[in-house]
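my_file-v4.csv (CSV, C-alpha atoms) appears below.
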chain,number,residue,atom,x,y,z
A,1,MET,CA,114.3,106.9,107.9
A,2,THR,CA,111.6,104.2,108.1
A,3,ILE,CA,108.3,104.5,106.3
A,4,THR,CA,106.6,105.1,109.7
A,5,GLN,CA,108.7,108.2,110.3
A,6,GLU,CA,108.1,109.4,106.8
A,7,LYS,CA,104.4,108.7,107.0
A,8,THR,CA,104.2,111.3,109.8
A,9,LEU,CA,105.8,113.8,107.4
A,10,ALA,CA,103.3,112.8,104.7
A,11,GLN,CA,100.4,113.4,107.1
A,12,GLN,CA,101.8,116.7,108.1
A,13,VAL,CA,102.2,118.0,104.5
A,14,ARG,CA,98.8,116.7,103.5
A,15,ALA,CA,97.2,119.5,105.5
A,16,GLU,CA,98.9,121.9,103.1
A,17,PHE,CA,97.0,120.5,100.1
A,18,PRO,CA,93.4,121.6,100.3
A,19,ILE,CA,92.2,119.4,97.4
A,20,LEU,CA,93.2,116.3,99.3
A,21,GLN,CA,90.8,117.1,102.2
A,22,GLN,CA,87.6,116.4,100.2
A,23,SER,CA,85.4,113.3,99.7
A,24,VAL,CA,84.6,111.8,96.3
A,25,ASN,CA,81.5,109.7,95.9
A,26,GLY,CA,81.1,109.8,99.7
A,27,LYS,CA,84.6,108.4,100.3
A,28,PRO,CA,87.8,110.2,101.3
A,29,LEU,CA,89.7,111.1,98.2
A,30,VAL,CA,92.7,108.8,97.4
A,31,TYR,CA,94.6,110.7,94.7
A,32,LEU,CA,96.9,108.3,92.8
A,33,ASP,CA,97.1,110.1,89.5
A,34,ASN,CA,100.2,112.2,90.2
A,35,ALA,CA,102.1,111.2,87.1
A,36,ALA,CA,99.4,113.0,85.1
A,37,THR,CA,99.4,116.1,87.4
A,38,SER,CA,100.3,116.8,91.0
A,39,GLN,CA,98.3,118.7,93.5
A,40,LYS,CA,99.3,122.1,94.7
A,41,PRO,CA,100.2,123.2,98.2
A,42,LEU,CA,98.8,126.4,99.8
A,43,LEU,CA,102.2,128.1,99.2
A,44,VAL,CA,101.7,127.8,95.4
A,45,LEU,CA,98.0,128.7,95.5
A,46,ASN,CA,98.6,131.8,97.6
A,47,THR,CA,101.5,132.9,95.4
A,48,LEU,CA,99.1,132.9,92.4
A,49,ARG,CA,96.5,134.8,94.3
A,50,ASN,CA,99.1,137.3,95.7
A,51,TYR,CA,100.4,138.1,92.2
A,52,TYR,CA,97.0,139.0,90.9
A,53,GLU,CA,95.9,140.8,94.0
A,54,GLN,CA,99.1,142.7,94.8
A,55,TYR,CA,101.4,143.3,91.9
A,56,ASN,CA,99.7,142.1,88.7
A,57,SER,CA,101.7,143.8,85.9
A,58,ASN,CA,103.7,142.9,82.8
A,59,VAL,CA,107.3,142.1,83.2
A,60,HIS,CA,110.4,143.8,81.7
A,61,ARG,CA,108.5,146.5,80.0
A,62,GLY,CA,107.7,149.1,82.7
A,63,VAL,CA,109.6,151.2,85.2
A,64,HIS,CA,106.7,151.6,87.6
A,65,THR,CA,106.6,149.8,90.9
A,66,LEU,CA,104.3,147.0,90.1
A,67,SER,CA,106.2,146.1,86.9
A,68,GLY,CA,109.4,146.0,88.9
A,69,LEU,CA,107.9,143.7,91.6
A,70,ALA,CA,106.5,141.4,88.9
A,71,THR,CA,109.9,141.3,87.0
A,72,ASP,CA,111.9,140.6,90.2
A,73,ALA,CA,109.5,137.7,91.1
A,74,TYR,CA,109.5,136.3,87.6
A,75,GLU,CA,113.3,136.4,87.2
A,76,GLY,CA,113.7,135.3,90.8
A,77,ALA,CA,111.8,132.1,90.0
A,78,ARG,CA,114.2,131.4,87.1
A,79,ILE,CA,117.1,131.6,89.5
A,80,LYS,CA,115.3,129.2,91.8
A,81,ILE,CA,114.8,126.7,89.0
A,82,ALA,CA,118.4,126.9,87.9
A,83,LYS,CA,119.6,126.2,91.4
A,84,PHE,CA,117.1,123.4,91.8
A,85,ILE,CA,118.6,121.4,88.9
A,86,ASN,CA,122.1,122.8,89.3
A,87,ALA,CA,122.2,124.7,86.0
A,88,ALA,CA,125.4,126.8,85.6
A,89,SER,CA,123.4,130.0,85.0
A,90,PRO,CA,119.8,131.2,85.1
A,91,GLN,CA,120.3,132.1,81.4
A,92,GLU,CA,120.1,128.4,80.7
A,93,ILE,CA,116.5,128.2,81.9
A,94,ILE,CA,113.9,129.0,79.2
A,95,TYR,CA,110.3,129.3,80.3
A,96,THR,CA,107.8,127.4,78.1
A,97,ARG,CA,104.1,126.5,78.4
A,98,ASN,CA,105.0,122.9,79.1
A,99,ALA,CA,107.6,120.2,78.4
A,100,THR,CA,106.0,119.6,75.0
A,101,GLU,CA,106.7,123.1,73.9
A,102,ALA,CA,110.2,122.8,75.2
A,103,ILE,CA,110.9,119.7,73.1
A,104,ASN,CA,109.3,121.4,70.1
A,105,LEU,CA,111.6,124.4,70.7
A,106,VAL,CA,114.7,122.2,70.4
A,107,ALA,CA,113.3,120.2,67.5
A,108,TYR,CA,112.6,123.3,65.4
A,109,ALA,CA,115.3,125.7,66.6
A,110,TRP,CA,118.1,123.1,66.6
A,111,GLY,CA,116.8,120.0,64.7
A,112,LEU,CA,115.7,121.8,61.5
A,113,ILE,CA,119.0,123.7,61.3
A,114,ASN,CA,121.4,120.9,62.1
A,115,LEU,CA,119.9,117.6,60.9
A,116,GLN,CA,120.7,116.5,57.3
A,117,PRO,CA,119.7,113.5,55.1
A,118,GLY,CA,121.2,110.3,56.5
A,119,ASP,CA,121.8,111.7,60.0
A,120,GLU,CA,120.3,109.6,62.8
A,121,VAL,CA,118.1,110.5,65.7
A,122,ILE,CA,117.9,107.8,68.5
A,123,LEU,CA,114.8,107.6,70.7
A,124,SER,CA,113.3,104.8,72.7
A,125,VAL,CA,110.1,102.8,72.3
A,126,MET,CA,109.0,104.1,75.8
A,127,GLU,CA,109.0,107.8,74.8
A,128,HIS,CA,106.0,110.0,75.5
A,129,HIS,CA,104.3,111.2,72.3
A,130,SER,CA,105.8,114.6,73.0
A,131,ASN,CA,109.3,113.2,72.5
A,132,LEU,CA,108.2,111.3,69.4
A,133,VAL,CA,106.0,113.4,67.2
A,134,PRO,CA,108.3,116.5,67.0
A,135,TRP,CA,111.2,114.3,65.8
A,136,GLN,CA,108.9,112.5,63.4
A,137,LEU,CA,108.0,115.9,61.8
A,138,VAL,CA,111.6,117.2,61.8
A,139,THR,CA,113.2,114.0,60.4
A,140,LYS,CA,110.6,113.9,57.6
A,141,THR,CA,111.5,117.5,56.7
A,142,THR,CA,115.3,117.1,57.0
A,143,GLY,CA,115.7,113.5,55.7
A,144,ALA,CA,117.2,112.3,58.9
A,145,VAL,CA,116.5,108.8,60.1
A,146,LEU,CA,114.8,107.7,63.4
A,147,LYS,CA,116.1,104.7,65.3
A,148,PHE,CA,114.7,103.2,68.5
A,149,VAL,CA,116.0,101.5,71.6
A,150,GLU,CA,113.9,98.7,72.7
A,151,LEU,CA,113.4,97.1,76.2
A,152,THR,CA,115.3,94.5,78.1
A,153,PRO,CA,113.5,91.3,79.4
A,154,ASP,CA,113.0,93.3,82.6
A,155,GLU,CA,111.2,96.0,80.6
A,156,ASP,CA,113.6,98.8,81.0
A,157,PHE,CA,116.0,100.7,78.7
A,158,ASN,CA,118.2,98.4,76.7
A,159,LEU,CA,121.5,100.0,77.2
A,160,GLU,CA,123.4,97.3,75.3
A,161,GLN,CA,121.3,97.8,72.3
A,162,PHE,CA,121.8,101.6,72.6
A,163,LYS,CA,125.6,100.9,72.5
A,164,GLN,CA,125.1,99.1,69.2
A,165,LEU,CA,122.9,101.8,67.7
A,166,VAL,CA,124.9,104.9,68.6
A,167,SER,CA,127.5,105.9,66.0
A,168,ASN,CA,129.1,108.7,64.1
A,169,LYS,CA,125.8,109.1,62.2
A,170,THR,CA,124.0,109.8,65.5
A,171,LYS,CA,123.3,113.6,65.8
A,172,LEU,CA,120.7,113.5,68.6
A,173,VAL,CA,119.5,111.2,71.4
A,174,GLY,CA,116.2,111.9,73.0
A,175,VAL,CA,115.3,109.8,76.0
A,176,VAL,CA,112.9,109.9,78.9
A,177,HIS,CA,114.6,109.9,82.3
A,178,VAL,CA,111.7,108.1,84.0
A,179,SER,CA,109.1,106.2,82.0
A,180,ASN,CA,105.5,107.3,82.8
A,181,THR,CA,104.3,103.8,82.0
A,182,LEU,CA,107.1,101.4,83.0
A,183,GLY,CA,108.4,103.4,85.9
A,184,CYS,CA,112.0,102.6,85.0
A,185,ILE,CA,114.7,105.1,85.8
A,186,ASN,CA,117.0,105.3,82.8
A,187,PRO,CA,120.8,105.6,83.0
A,188,VAL,CA,120.8,109.1,81.5
A,189,LYS,CA,124.4,110.0,82.6
A,190,GLU,CA,125.8,106.9,80.8
A,191,ILE,CA,123.6,107.6,77.8
A,192,CYS,CA,125.0,111.2,77.6
A,193,ASN,CA,128.6,109.9,77.9
A,194,LEU,CA,128.1,107.4,75.1
A,195,ALA,CA,126.3,109.9,72.8
A,196,HIS,CA,128.9,112.6,73.4
A,197,HIS,CA,131.7,110.2,72.5
A,198,TYR,CA,130.2,110.2,69.0
A,199,GLY,CA,129.5,114.0,69.0
A,200,ALA,CA,125.8,113.6,69.4
A,201,LYS,CA,123.6,115.9,71.5
A,202,VAL,CA,121.2,114.6,74.2
A,203,LEU,CA,117.8,115.8,75.2
A,204,ILE,CA,116.3,114.4,78.5
A,205,ASP,CA,112.6,114.4,79.1
A,206,ALA,CA,112.6,114.8,82.9
A,207,CYS,CA,108.9,115.4,83.5
A,208,GLN,CA,108.7,112.3,85.7
A,209,SER,CA,112.1,112.7,87.4
A,210,VAL,CA,112.4,116.4,88.3
A,211,PRO,CA,109.4,116.2,90.7
A,212,HIS,CA,110.7,113.1,92.4
A,213,LEU,CA,114.5,112.8,92.3
A,214,PRO,CA,117.4,115.2,93.0
A,215,ILE,CA,118.5,116.4,89.5
A,216,ASP,CA,122.0,117.8,88.6
A,217,VAL,CA,122.1,118.7,84.9
A,218,GLN,CA,125.9,119.4,85.1
A,219,ALA,CA,126.6,115.9,86.5
A,220,ILE,CA,124.3,114.3,84.0
A,221,ASP,CA,125.9,116.4,81.3
A,222,CYS,CA,122.8,116.5,79.1
A,223,ASP,CA,122.6,119.2,76.4
A,224,TRP,CA,118.9,119.9,77.0
A,225,LEU,CA,116.4,118.9,79.7
A,226,VAL,CA,112.7,119.6,79.9
A,227,ALA,CA,110.1,119.5,82.7
A,228,SER,CA,106.5,120.6,83.4
A,229,GLY,CA,105.5,122.7,86.3
A,230,HIS,CA,102.2,121.0,86.9
A,231,LYS,CA,103.8,117.6,87.8
A,232,MET,CA,106.0,119.2,90.5
A,233,CYS,CA,103.4,121.0,92.6
A,234,GLY,CA,103.3,124.0,90.3
A,235,PRO,CA,100.5,125.4,88.1
A,236,THR,CA,99.5,124.2,84.6
A,237,GLY,CA,100.6,126.2,81.6
A,238,ILE,CA,104.3,126.6,82.7
A,239,GLY,CA,107.3,124.4,82.1
A,240,PHE,CA,111.0,125.0,81.3
A,241,LEU,CA,113.8,124.0,79.0
A,242,TYR,CA,117.3,123.8,80.3
A,243,GLY,CA,120.0,124.0,77.7
A,244,LYS,CA,123.8,124.5,77.8
A,245,LEU,CA,124.5,128.2,77.4
A,246,ASP,CA,126.7,128.0,74.2
A,247,LEU,CA,124.3,125.6,72.6
A,248,LEU,CA,121.2,127.8,73.3
A,249,ARG,CA,123.1,130.9,71.9
A,250,SER,CA,123.8,129.0,68.7
A,251,MET,CA,120.1,128.3,68.1
A,252,PRO,CA,117.8,130.8,66.3
A,253,PRO,CA,114.6,132.0,67.9
A,254,PHE,CA,111.7,129.6,68.0
A,255,MET,CA,109.0,132.3,67.9
A,256,GLY,CA,109.1,135.9,66.9
A,257,GLY,CA,107.4,138.9,68.5
A,258,GLY,CA,107.7,141.2,71.5
A,259,GLU,CA,110.2,140.7,74.3
A,260,MET,CA,112.6,138.4,72.3
A,261,ILE,CA,114.1,141.3,70.3
A,262,ALA,CA,116.9,143.8,70.8
A,263,ASP,CA,116.0,146.1,67.9
A,264,VAL,CA,113.2,145.9,65.3
A,265,PHE,CA,113.3,147.6,61.9
A,266,LEU,CA,110.7,147.3,59.2
A,267,GLU,CA,112.7,144.7,57.2
A,268,ASN,CA,114.9,143.0,59.9
A,269,SER,CA,115.4,142.6,63.6
A,270,THR,CA,118.1,141.7,66.1
A,271,TYR,CA,117.4,139.4,69.0
A,272,ALA,CA,117.8,139.7,72.7
A,273,ASP,CA,120.3,137.6,74.7
A,274,LEU,CA,119.3,134.5,76.6
A,275,PRO,CA,116.9,133.6,78.0
A,276,HIS,CA,114.6,136.2,76.4
A,277,LYS,CA,115.5,135.2,72.8
A,278,PHE,CA,113.2,132.2,73.2
A,279,GLU,CA,110.4,133.9,75.2
A,280,ALA,CA,108.3,135.8,72.7
A,281,GLY,CA,105.3,137.7,73.9
A,282,THR,CA,103.7,138.2,77.3
A,283,PRO,CA,104.7,135.1,79.3
A,284,ALA,CA,102.8,133.1,81.9
A,285,ILE,CA,104.0,135.5,84.6
A,286,ALA,CA,101.9,134.3,87.6
A,287,GLU,CA,102.5,130.6,86.7
A,288,ALA,CA,106.3,131.1,86.5
A,289,ILE,CA,106.3,132.9,89.8
A,290,ALA,CA,104.2,130.1,91.3
A,291,LEU,CA,106.5,127.5,89.8
A,292,GLY,CA,109.3,129.3,91.8
A,293,ALA,CA,107.2,128.8,94.9
A,294,ALA,CA,106.8,125.1,94.1
A,295,VAL,CA,110.5,124.8,93.8
A,296,ASP,CA,110.8,126.5,97.2
A,297,TYR,CA,108.3,124.1,98.7
A,298,LEU,CA,110.1,121.0,97.3
A,299,SER,CA,113.5,122.3,98.3
A,300,GLY,CA,112.2,122.9,101.8
A,301,ILE,CA,111.2,119.3,102.2
A,302,GLY,CA,114.3,118.0,100.4
A,303,MET,CA,114.4,116.0,97.2
A,304,ASP,CA,116.6,113.3,98.8
A,305,LYS,CA,113.9,112.9,101.5
A,306,ILE,CA,111.1,112.8,98.9
A,307,HIS,CA,112.9,110.2,96.8
A,308,ALA,CA,113.7,108.0,99.8
A,309,TYR,CA,110.1,108.0,101.0
A,310,GLU,CA,108.7,107.3,97.6
A,311,GLU,CA,111.1,104.4,97.2
A,312,GLU,CA,109.6,102.7,100.2
A,313,LEU,CA,106.0,103.5,99.1
A,314,THR,CA,106.8,102.2,95.7
A,315,THR,CA,108.1,98.9,97.1
A,316,TYR,CA,104.9,98.5,99.2
A,317,LEU,CA,102.6,99.3,96.3
A,318,TYR,CA,104.4,96.8,94.0
A,319,GLU,CA,104.3,94.1,96.7
A,320,GLN,CA,100.6,94.6,97.2
A,321,LEU,CA,99.8,94.5,93.5
A,322,GLN,CA,101.9,91.3,93.1
A,323,GLN,CA,99.6,89.6,95.6
A,324,ILE,CA,96.6,89.9,93.3
A,325,PRO,CA,96.9,86.9,90.8
A,326,GLU,CA,95.1,88.7,87.9
A,327,ILE,CA,97.4,91.8,88.0
A,328,ARG,CA,100.3,92.1,85.6
A,329,VAL,CA,102.5,95.1,86.5
A,330,TYR,CA,104.7,96.5,83.6
A,331,GLY,CA,108.3,97.6,84.1
A,332,PRO,CA,111.2,96.4,86.3
A,333,SER,CA,110.8,95.4,90.0
A,334,PRO,CA,111.7,97.9,92.7
A,335,SER,CA,114.9,95.9,93.4
A,336,LYS,CA,116.1,97.0,90.0
A,337,GLY,CA,115.0,100.6,90.6
A,338,ARG,CA,111.7,102.1,89.6
A,339,ALA,CA,109.8,105.3,90.2
A,340,ALA,CA,106.6,105.8,92.2
A,341,LEU,CA,104.1,104.5,89.7
A,342,ALA,CA,102.7,101.2,88.5
A,343,ALA,CA,101.0,100.6,85.2
A,344,PHE,CA,99.1,97.3,85.2
A,345,THR,CA,96.4,95.2,83.7
A,346,ALA,CA,93.9,92.8,85.3
A,347,GLY,CA,93.3,90.0,82.9
A,348,ASP,CA,90.5,90.8,80.5
A,349,VAL,CA,89.1,93.7,82.5
A,350,HIS,CA,89.3,96.9,80.6
A,351,PRO,CA,91.4,99.5,82.5
A,352,HIS,CA,88.7,102.1,82.0
A,353,ASP,CA,86.2,99.8,83.8
A,354,LEU,CA,88.7,99.4,86.6
A,355,SER,CA,89.2,103.1,86.9
A,356,THR,CA,85.4,103.7,86.9
A,357,ILE,CA,84.8,101.2,89.7
A,358,LEU,CA,87.8,102.6,91.7
A,359,ASP,CA,86.4,106.1,91.4
A,360,GLN,CA,83.2,105.0,93.1
A,361,ALA,CA,85.5,104.1,96.1
A,362,GLY,CA,87.1,107.6,96.0
A,363,VAL,CA,90.3,106.3,94.4
A,364,ALA,CA,91.6,108.3,91.4
A,365,ILE,CA,93.9,106.4,89.0
A,366,ARG,CA,94.6,106.9,85.3
A,367,ALA,CA,93.5,104.5,82.5
A,368,GLY,CA,94.5,104.5,78.8
A,369,HIS,CA,97.8,104.5,76.9
A,370,HIS,CA,99.3,107.4,78.9
A,371,CYS,CA,100.5,109.1,75.7
A,372,THR,CA,102.7,106.1,75.0
A,373,GLN,CA,100.8,104.2,72.3
A,374,PRO,CA,103.9,102.8,70.6
A,375,LEU,CA,105.1,101.4,73.9
A,376,HIS,CA,101.7,99.8,74.5
A,377,ARG,CA,101.8,98.2,71.0
A,378,TYR,CA,105.3,96.9,71.8
A,379,LEU,CA,104.0,95.4,75.0
A,380,LYS,CA,101.0,93.9,73.0
A,381,VAL,CA,98.4,95.6,75.2
A,382,GLN,CA,95.9,98.3,74.2
A,383,SER,CA,95.8,100.2,77.4
A,384,THR,CA,96.8,100.0,81.1
A,385,ALA,CA,95.6,101.3,84.4
A,386,ARG,CA,98.2,103.3,86.3
A,387,ALA,CA,98.5,104.3,90.0
A,388,SER,CA,101.1,106.9,90.6
A,389,LEU,CA,102.3,108.3,93.9
A,390,TYR,CA,103.7,111.4,95.4
A,391,PHE,CA,105.2,112.4,98.7
A,392,TYR,CA,101.8,113.3,100.2
A,393,ASN,CA,100.5,109.8,99.6
A,394,THR,CA,100.5,107.3,102.5
A,395,ARG,CA,100.6,103.5,103.0
A,396,GLU,CA,97.0,103.6,104.2
A,397,GLU,CA,95.9,105.1,100.9
A,398,ILE,CA,97.7,102.3,99.1
A,399,ASP,CA,95.7,99.8,101.3
A,400,VAL,CA,92.4,101.6,100.3
A,401,PHE,CA,93.4,101.3,96.6
A,402,ILE,CA,94.4,97.6,96.9
A,403,THR,CA,91.1,96.8,98.7
A,404,ALA,CA,89.0,98.6,96.1
A,405,LEU,CA,91.1,97.0,93.3
A,406,LYS,CA,90.6,93.5,94.6
A,407,GLU,CA,86.8,94.1,94.9
A,408,ALA,CA,86.8,95.4,91.3
A,409,VAL,CA,88.7,92.4,90.0
A,410,GLU,CA,86.4,90.0,91.8
A,411,PHE,CA,83.3,91.9,90.6
A,412,PHE,CA,84.4,91.6,86.9
A,413,GLY,CA,85.5,88.1,87.5
A,414,SER,CA,82.1,87.1,88.6
A,415,ILE,CA,80.7,88.7,85.4
A,416,PHE,CA,83.2,87.2,83.0
A,417,GLY,CA,83.8,84.0,84.9

Spell out the structure here as structure tokens.
Amino acid sequence: MTITQEKTLAQQVRAEFPILQQSVNGKPLVYLDNAATSQKPLLVLNTLRNYYEQYNSNVHRGVHTLSGLATDAYEGARIKIAKFINAASPQEIIYTRNATEAINLVAYAWGLINLQPGDEVILSVMEHHSNLVPWQLVTKTTGAVLKFVELTPDEDFNLEQFKQLVSNKTKLVGVVHVSNTLGCINPVKEICNLAHHYGAKVLIDACQSVPHLPIDVQAIDCDWLVASGHKMCGPTGIGFLYGKLDLLRSMPPFMGGGEMIADVFLENSTYADLPHKFEAGTPAIAEAIALGAAVDYLSGIGMDKIHAYEEELTTYLYEQLQQIPEIRVYGPSPSKGRAALAAFTAGDVHPHDLSTILDQAGVAIRAGHHCTQPLHRYLKVQSTARASLYFYNTREEIDVFITALKEAVEFFGSIFG
């Protein structure tokens, strides 16, 4: 489909996102901060409200009607998520507060048990802090060694260097599927194949891919995959961990308490089967149910359709940014494959200043290090501005952004010039 046809779809879905209908500083809101968090459609908002108004109750612990309704919706959402990423079983989906908690679950429930002195954990320089700090903590405790894949000249994942780093010493590879700063789409299937050849496990940070691309965990053959609900039209405070069934069964509980047990005695306990072994305490019930609604919403549109539309929007955004001489965009060009975001700098203009000026024009972008400080140091830049798109964004919104960006660059150029 052409972008004109897809634009009509974007305009249709925009009416389902109440927050996009407002003005900011007297200008129509242009929301280009979707890599940080996405907006929520009425289906998701109404699902949250309906839970609290109609069947608010704890799950799994009651035989009364409301508890049954809540449990069915809660577990039904798990089934939807499993189908959405083609997991082999809903038992392979663990609810977490966010992707950060999901990575920490793997780090502590698997890493502390399985890593030994001299073992190697391979990450990349583009990782989000959430896929760096847990492994720093665990390797310091276990004596394992961290190694890092750097970038190619095109500023994407250096697969050839990874082939040189991975070895029989490698026990874990942790890699982001889509960089939240570079926008590159990493070859996760090939990474998994190479790692598994040496007996290593692979964890995929899919926070920036699950909302935008069709994901098939069985085809990728990753051992774990994590995602956050708030980046995929769902609420905050809910995410999930996918893990292969046998692997999850081999891991001890991450937290202890109610719900994750089979039997409790004063001095010892036995644990529930998956997925409940990893879900101690009262969960984020409304948020999980609403995440299921978000999955329904995305599936109803079609992830292939979302991806194709965003590819065309991304190319247009990149081309328009390239026409501003002062702008330096990080990451590969769209011809080499990139996601619907662009982190950039504008000469000596601080990204925070750019973001402030753009906000006056009603345009919301992100400025900072995007929780990728090591990557920014690698790129020899303190911070970047970032515009990130979703399927409800339009070409016209990109035009508004580019116009405001040009005016901001000219304004600061007149000051510094």

Item to complete: Using all atoms listed in the file, find all polymer residues with an atom at most 9 Å away from the point (115.5, 104.5, 68.6); report them as a list in words.
Response: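 Checked against the point, the hits come out as Val121, Ile122, Leu123, Ser124, Val125, Leu146, Lys147, Phe148, Val149, Glu150, Phe162, Leu165, Val173 and Gly174 of chain A.
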
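Minimum atom-to-atom distances from A:Lys163, A:Lys83, A:Arg14, A:Arg386 to Arg328 in chain A were compared using all atoms listed in the file, and the lowest value belongs to A:Arg386.
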
Worksheet item: With distances taken over only C-alpha atoms, which of A:Gly302, A:Ile327, A:Asp33, A:Pro253 is nearest to Asn393 in chain A?
Response: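 Using only C-alpha atoms, the shortest distance to Asn393 in chain A belongs to A:Asp33.
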
Please report, as JSON lines, each residue of range 174-211 of chain A lying at most 12 Å from range 233-243 of chain A, together with the nearest pair of atoms and the separation in Å rounded to one decimal; use all atoms listed in the file, and order rows by chain and ascending residue number.
{"residue": "A:Lys201", "atom": "CA", "partner": "A:Gly243", "partner_atom": "CA", "distance": 10.8}
{"residue": "A:Val202", "atom": "CA", "partner": "A:Gly243", "partner_atom": "CA", "distance": 10.1}
{"residue": "A:Leu203", "atom": "CA", "partner": "A:Gly243", "partner_atom": "CA", "distance": 8.9}
{"residue": "A:Ile204", "atom": "CA", "partner": "A:Tyr242", "partner_atom": "CA", "distance": 9.6}
{"residue": "A:Asp205", "atom": "CA", "partner": "A:Leu241", "partner_atom": "CA", "distance": 9.7}
{"residue": "A:Ala206", "atom": "CA", "partner": "A:Leu241", "partner_atom": "CA", "distance": 10.1}
{"residue": "A:Cys207", "atom": "CA", "partner": "A:Gly239", "partner_atom": "CA", "distance": 9.2}
{"residue": "A:Val210", "atom": "CA", "partner": "A:Cys233", "partner_atom": "CA", "distance": 11.0}
{"residue": "A:Pro211", "atom": "CA", "partner": "A:Cys233", "partner_atom": "CA", "distance": 7.9}

Worksheet entry | Best match for closeness to Arg338 in chain A among A:Val400, A:Leu182, A:Ile289, A:Ala280, counting only C-alpha atoms | A:Leu182

Discussion item. Quick check, in Å to one decimal: how far apart do CA of Leu358 in chain A and CA of Phe391 in chain A lie?
Written reply: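 So the two atoms, CA of Leu358 in chain A and CA of Phe391 in chain A, lie 21.2 Å apart.
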
Practice prompt. Considering all atoms listed in the file, return as an NGL selection string whatever protein or nucleic-acid residues lie within 10 Å of Glu190 in chain A, sequence-local ones (same chain, fewer than 3 positions apart) excluded.
Written response: :A and (159 or 186-187 or 193-196 or 220-221)

Discussion item. Report, in Å with one decimal, the straight-line distance from CA of Ala342 in chain A to CA of Ala294 in chain A.
Written reply: 24.9 Å

Practice prompt. Name the residues within 10 Å of (106.5, 124.6, 96.3), counting only C-alpha atoms in the file's coordinates, and put them as JSON, numbers by chain.
Written response: {"A": [40, 41, 42, 43, 44, 45, 47, 232, 233, 234, 290, 291, 292, 293, 294, 295, 296, 297, 298, 299, 300, 301]}

Practice prompt. May I have the residues within 10 Å of Asp72 in chain A as an MDAnalysis selection string, using all atoms listed in the file and disregarding those fewer than 4 positions away in the same chain?
Written response: chainID A and resid 59:60 66:68 76:78 289

Discussion item. So, with all atoms listed in the file as the atoms that count, which of A:Ala364, A:Ser209, A:Ala262, A:Ala284 lies closest to Thr71 in chain A?
Written reply: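 Ranking A:Ala364, A:Ser209, A:Ala262, A:Ala284 by distance to Thr71 in chain A, first place goes to A:Ala284.
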
Worksheet item: Do you have the CA of Asn168 in chain A-CA of Tyr198 in chain A distance handy?
Response: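 Straight-line distance from CA of Asn168 in chain A to CA of Tyr198 in chain A works out to 5.2 Å.
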
Worksheet item: Any idea what's packed within 10 Å of His276 in chain A, counting only C-alpha atoms, ignoring anything in its chain fewer than 3 positions away? Could you give it as a list of chain:residue names?
Response: A:Gln91, A:Ile93, A:Ile94, A:Tyr95, A:Pro253, A:Gly258, A:Glu259, A:Met260, A:Ile261, A:Ala262, A:Tyr271, A:Ala272, A:Asp273, A:Glu279, A:Ala280, A:Gly281

Given the selection you just returned, output its residues as a file containing C-alpha atoms, formatted as a compact mmCIF listing (two decimals), keeping the file's coordinate frame.
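Once everything was written out, this is result-v7.txt:
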# COMPACT_ATOMS: atom_id res chain seq x y z
CA GLN A 91 120.30 132.10 81.40
CA ILE A 93 116.50 128.20 81.90
CA ILE A 94 113.90 129.00 79.20
CA TYR A 95 110.30 129.30 80.30
CA PRO A 253 114.60 132.00 67.90
CA GLY A 258 107.70 141.20 71.50
CA GLU A 259 110.20 140.70 74.30
CA MET A 260 112.60 138.40 72.30
CA ILE A 261 114.10 141.30 70.30
CA ALA A 262 116.90 143.80 70.80
CA TYR A 271 117.40 139.40 69.00
CA ALA A 272 117.80 139.70 72.70
CA ASP A 273 120.30 137.60 74.70
CA GLU A 279 110.40 133.90 75.20
CA ALA A 280 108.30 135.80 72.70
CA GLY A 281 105.30 137.70 73.90

Fill in: For range 409-411 of chain A: contacts at 12 Å, only C-alpha atoms, fewer than 2 positions along chain excluded, given as an MDAnalysis selection string
chainID A and resid 321 324:327 345:351 353:355 357:358 402:407 413:417

Worksheet entry | Nearest to Glu310 in chain A, chosen from A:Leu213, A:Lys336, A:Ser250, A:Phe344, with all atoms listed in the file counted in the distances |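 Of A:Leu213, A:Lys336, A:Ser250, A:Phe344, the one nearest Glu310 in chain A is A:Leu213, counting all atoms listed in the file.
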
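The shortest atom-to-atom distance to Ala340 in chain A, with all atoms listed in the file taken into account, belongs to A:Cys184 out of A:Cys184, A:Ala82, A:Ala219, A:Ala200.
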
Residues near Tyr31 in chain A, cut-off 9 Å, only C-alpha atoms, skip fewer than 4 positions along chain, as an mmCIF file with C-alpha atoms, in the coordinates of the input:
data_model
loop_
_atom_site.group_PDB
_atom_site.id
_atom_site.type_symbol
_atom_site.label_atom_id
_atom_site.label_comp_id
_atom_site.auth_asym_id
_atom_site.auth_seq_id
_atom_site.Cartn_x
_atom_site.Cartn_y
_atom_site.Cartn_z
ATOM 1 C CA LEU A 20 93.200 116.300 99.300
ATOM 2 C CA GLN A 39 98.300 118.700 93.500
ATOM 3 C CA GLY A 362 87.100 107.600 96.000
ATOM 4 C CA VAL A 363 90.300 106.300 94.400
ATOM 5 C CA ALA A 364 91.600 108.300 91.400
ATOM 6 C CA ILE A 365 93.900 106.400 89.000
ATOM 7 C CA ALA A 387 98.500 104.300 90.000
ATOM 8 C CA SER A 388 101.100 106.900 90.600
ATOM 9 C CA LEU A 389 102.300 108.300 93.900
ATOM 10 C CA ASN A 393 100.500 109.800 99.600
ATOM 11 C CA GLU A 397 95.900 105.100 100.900
#
